[in-house]
Amino acid sequence: MLDGYFTGAVGELIERARWLKAKVPRNLRRRDYDALRRICDDRLTDAIRRLREILDEPAYRKPEFRAQRLRAFRRIVAELDNVESFGIAALERADHADPFLNDLLDRIAKEIRFPHSTPIVATLSQRYFYVISELNLLCVPLAEGDFLLHLPDLYHELAHPLLLVADDPVIEPFQAAHLKGLGTSYDYLNGEIEKERGYGPKQNVPLLRAWQANYVKSWTTEFFCDGFAAATLGPAFAWAHLHLCAKRGGNLFEAATTATSHPAEDARMVLVLKVLSQLGHMKAAAEVQARWNDLIDESGYRAEPEYRRCYPEPLLADLARFCVEGVEKIGCRLADADSDGDVHVLLNEAWETFWKTPIDYSAWERKALNALRRTVKATGN
Amino acid sequence: MSSVGLNAGLYSRIRDYAVMLDDVLIRLKSGSMSSNDEQLRHLAELLHNLGSAAYRDVESLVLLAVLQTSAPPDGRTPAWEQLSRDLLAGSTTPALIAQLEWLAATIEQERSGMLAKMRGA
């Protein structure tokens with residue numbers, strides 16, 4: 001029996017949660033961090049309440065509830081770890097952080113008519129860009145605010161929290177489109193599994209099941225966030241994807257044999273280019289495709305038959321179409337040739353300049369960033 | 001996005017299923033369940049959707065994906081729609097509890113796996 005252990009460990013954890021509550025900064029100069037401060041404080045309060053339940057609830061002392069007690073305890077530990085390592089860490093740095101990225105994201109949100117509260121940006125990522133949707137916190141590497149070429153990925157990150165918002169009729173059409181995408185990819189792989197069962201070797205069934213699980217758990221979500229970014233920003237997002245793959249990518253045609261969070265980079269590019277073409281950026285899509293083909297050539301990777309089966313073009317076309325419909329239905333501004341907005345124009349112009357005069361790009365970027373910082377500061381974002 | 005955020009999004013869904021299942025199990029096993037219990041109804045709906053090819057929601061698709069790689073001790077996939085009906089009818093038979101316990105343990109395993117991935121394991 002671990003009763004004694006839980007009495008001690010839960011007591012210690014309550015003290016840890018209270019310590020974290022004390023670390024939640026009061027009177028932050030940056031008002032935009034108030035929402036994150038409130039979320040962290042609420043989650044810590046809730047964790048303390050649930051810890052006390054573990055101590056006080058008589059059922060937890062009975063043998064038949066021991067599994068529930070241990071699981072509840074572990075979930076609260078995980079919650080406290082997440083609040084500490086993401087939320088409190090961001091709040092601790094709030095008053096020393098460069099406000100530019102937060103002001104920039106606010107401006108992007110206004111330009112694209114983002115229908116949800118804008119996440120807080122913190123430069124505490126050691127692993128590229130990511131968003132912790134429950135905290136509405138977007139993490140980027142330290143230097144990211146001083147360079148333009150990867151900033152299109154901010155648009156991708158904005159889409160993630162939209163898929164977890166509950167009971168918001170304004171956002172539901174995007175979630176419905178995502179569900180349609182999940183169902184379509186699930187059904188496609190069910191069909192492939194049935195084919196294997198009907199005739200041919202059965203050894204591919206576990207692989208097809210792994211792909212199906214990946215589509216449902218994360219790939220469709222990732223495709224949708226890519227589609228959202230391409231639809232709201234335009235070609236700059238495709239260029240940023242090429243840039244990231246050139247710098248850090250592995251096999252662009254990876255057809256995963258096990259659980260992986262991200263779909264193959266080439267499949268992501270196919271979907272992004274379909275979104276761009278759908279919105280009328282045919283010339284830009286062709287230019288990106290040409291450079292992408294060069295990258296494929298230089299990387300030496302080739303698409304194998306399993307890759308084509310894992311990411312068939314008609315499925316990617318469906319996902320691209322559902323995504324654009326979803327983005328449109330939640331009232332976001334779709335990027336077309338006439339789209340304006342300082343950030344939209346600048347991020348696309350950055351890539352045009354990069355390709356036109358690569359040697360002069362860095363000097364141009366310094367000037368452009370300084371001008372953007374002044375604009376964002378002068379207008380409040 | 002790096003895998004941290006993607007896993008974090010999925011993690012919160014899985015964690016919510018885990019909490020719901022354990023809450024329902026505690027009330028079922030302690031005999032304090034009300035037929036109007038909101039979590040009971042939610043769980044019954046989710047189980048019904050798991051067994052139905054006609055209706056799909058994100059929750060049931062994610063859960064189907066999670067359960068793909070697991071098998072109950074008796075090797076037989078539970079009859080989800082029947083389980084859903086039994087739950088709503090107020091059944092607390094050992095067989096029903098055992099199936100829910102297996103589901104709760106499987107989801108918990110997935111939750112801790114997702115957490116490890118979020119942390120880069």
# chains A, B, ... in the order shown; residues from 1 in each chain; ligands from 1

$ residues_around --residues "range 345-353 of chain A" --least-positions-apart "5" --cutoff "8 Å" --atoms "only C-alpha atoms" --output "ChimeraX atom specification"
/A:148-149,151-152,233-236,239,339-340,358,361,365,368

$ write_last_selection --atoms "N, CA and C atoms" --output "CSV table (one decimal), in the first residue's frame"
chain,number,residue,atom,x,y,z
A,148,LEU,N,13.9,37.5,-41.0
A,148,LEU,CA,12.5,37.5,-41.6
A,148,LEU,C,12.1,36.2,-42.2
A,149,LEU,N,13.1,35.4,-42.7
A,149,LEU,CA,12.7,34.3,-43.6
A,149,LEU,C,11.9,33.2,-42.9
A,151,LEU,N,9.8,33.7,-40.3
A,151,LEU,CA,8.7,34.3,-39.6
A,151,LEU,C,7.3,33.8,-40.2
A,152,PRO,N,7.3,33.4,-41.5
A,152,PRO,CA,6.0,32.9,-42.0
A,152,PRO,C,5.5,31.7,-41.2
A,233,LEU,N,-1.1,33.8,-45.7
A,233,LEU,CA,0.1,34.6,-46.0
A,233,LEU,C,0.5,34.6,-47.5
A,234,GLY,N,0.3,33.4,-48.1
A,234,GLY,CA,0.6,33.4,-49.5
A,234,GLY,C,2.0,32.7,-49.7
A,235,PRO,N,2.7,33.0,-50.8
A,235,PRO,CA,3.9,32.3,-51.2
A,235,PRO,C,5.0,32.2,-50.2
A,236,ALA,N,5.1,33.3,-49.4
A,236,ALA,CA,6.2,33.3,-48.4
A,236,ALA,C,6.2,32.1,-47.5
A,239,TRP,N,8.0,29.3,-49.4
A,239,TRP,CA,9.4,29.5,-49.4
A,239,TRP,C,10.0,29.2,-48.0
A,339,SER,N,-3.8,41.4,-51.7
A,339,SER,CA,-3.8,41.5,-50.2
A,339,SER,C,-2.8,42.6,-49.8
A,340,ASP,N,-3.1,43.4,-48.8
A,340,ASP,CA,-2.2,44.3,-48.3
A,340,ASP,C,-1.9,44.0,-46.8
A,358,PRO,N,20.4,37.5,-54.0
A,358,PRO,CA,20.7,36.8,-52.8
A,358,PRO,C,21.9,37.5,-52.0
A,361,TYR,N,20.8,40.3,-49.9
A,361,TYR,CA,19.6,40.1,-49.0
A,361,TYR,C,19.9,40.5,-47.6
A,365,GLU,N,17.6,43.0,-45.5
A,365,GLU,CA,16.8,42.5,-44.4
A,365,GLU,C,17.0,43.4,-43.1
A,368,ALA,N,14.9,46.5,-43.7
A,368,ALA,CA,13.5,46.2,-43.7
A,368,ALA,C,13.0,45.8,-42.3

$ interface_residues --of "chain B" --to "chain A" --cutoff "9 Å" --atoms "only C-alpha atoms" --output "JSON, numbers by chain"
{"B": [1, 2, 3, 4, 5, 6, 7, 8, 9, 10, 12, 13, 15, 18, 19, 22, 23, 25, 26, 29, 30, 56, 57, 58, 61, 62, 64, 65, 66, 68, 69, 104, 105, 108, 111, 112, 115]}

$ select_by_dssp --residues "range 32-103 of chain B" --states "alpha helix (DSSP H)" --output "PyMOL selection string"
chain B and resi 38-51+58-67+80-88+94-103

$ closest_residue --among "B:Ile14, B:Leu63, B:Leu50, B:Ala95" --to "Glu81 in chain B" --atoms "only C-alpha atoms"
B:Leu50

$ closest_residue --among "B:Gln109, B:Ser32, B:Gln39, B:Ser70" --to "Leu88 in chain B" --atoms "only C-alpha atoms"
B:Gln39

$ residues_around --residues "His42 in chain B" --least-positions-apart "2" --cutoff "12 Å" --atoms "only C-alpha atoms" --output "list in words"
Asp16, Tyr17, Met20, Leu21, Asp23, Val24, Ser35, Asn36, Asp37, Glu38, Gln39, Leu40, Ala44, Glu45, Leu46, Leu47, His48, Asn49, Glu59, Ser60, Ser84, Leu87 and Leu88 of chain B

$ residues_around --residues "Asp3 in chain A" --least-positions-apart "5" --cutoff "10 Å" --atoms "only C-alpha atoms" --output "PyMOL selection string"
chain A and resi 8-9+55+60-62+66

$ residues_around --residues "range 315-324 of chain A" --least-positions-apart "4" --cutoff "6 Å" --atoms "only C-alpha atoms" --output "list in words"
Ala177, Gly181, Phe224, Leu271 and Val275 of chain A

$ write_last_selection --atoms "C-alpha atoms" --output "PDB file, in the first residue's frame"
ATOM      1  CA  ALA A 177     -13.246  21.186 -42.135  1.00  0.00           C
ATOM      2  CA  GLY A 181     -10.045  15.950 -43.462  1.00  0.00           C
ATOM      3  CA  PHE A 224      -4.259  21.970 -41.965  1.00  0.00           C
ATOM      4  CA  LEU A 271      -0.469  20.564 -50.149  1.00  0.00           C
ATOM      5  CA  VAL A 275      -3.539  25.911 -51.587  1.00  0.00           C
TER       6      VAL A 275
END

$ residues_around --residues "Glu144 in chain A" --least-positions-apart "5" --cutoff "9 Å" --atoms "only C-alpha atoms" --output "list in words"
Leu101, Thr123, His150 and Leu151 of chain A

$ write_last_selection --atoms "C-alpha atoms" --output "PDB file, in the first residue's frame"
ATOM      1  CA  LEU A 101       7.524  39.538 -31.677  1.00  0.00           C
ATOM      2  CA  THR A 123      11.764  33.217 -27.129  1.00  0.00           C
ATOM      3  CA  HIS A 150      11.308  31.891 -40.996  1.00  0.00           C
ATOM      4  CA  LEU A 151       8.658  34.262 -39.628  1.00  0.00           C
TER       5      LEU A 151
END

$ atom_distance --atom1 "CA of Thr375 in chain A" --atom2 "CA of Ala230 in chain A"
24.2 Å
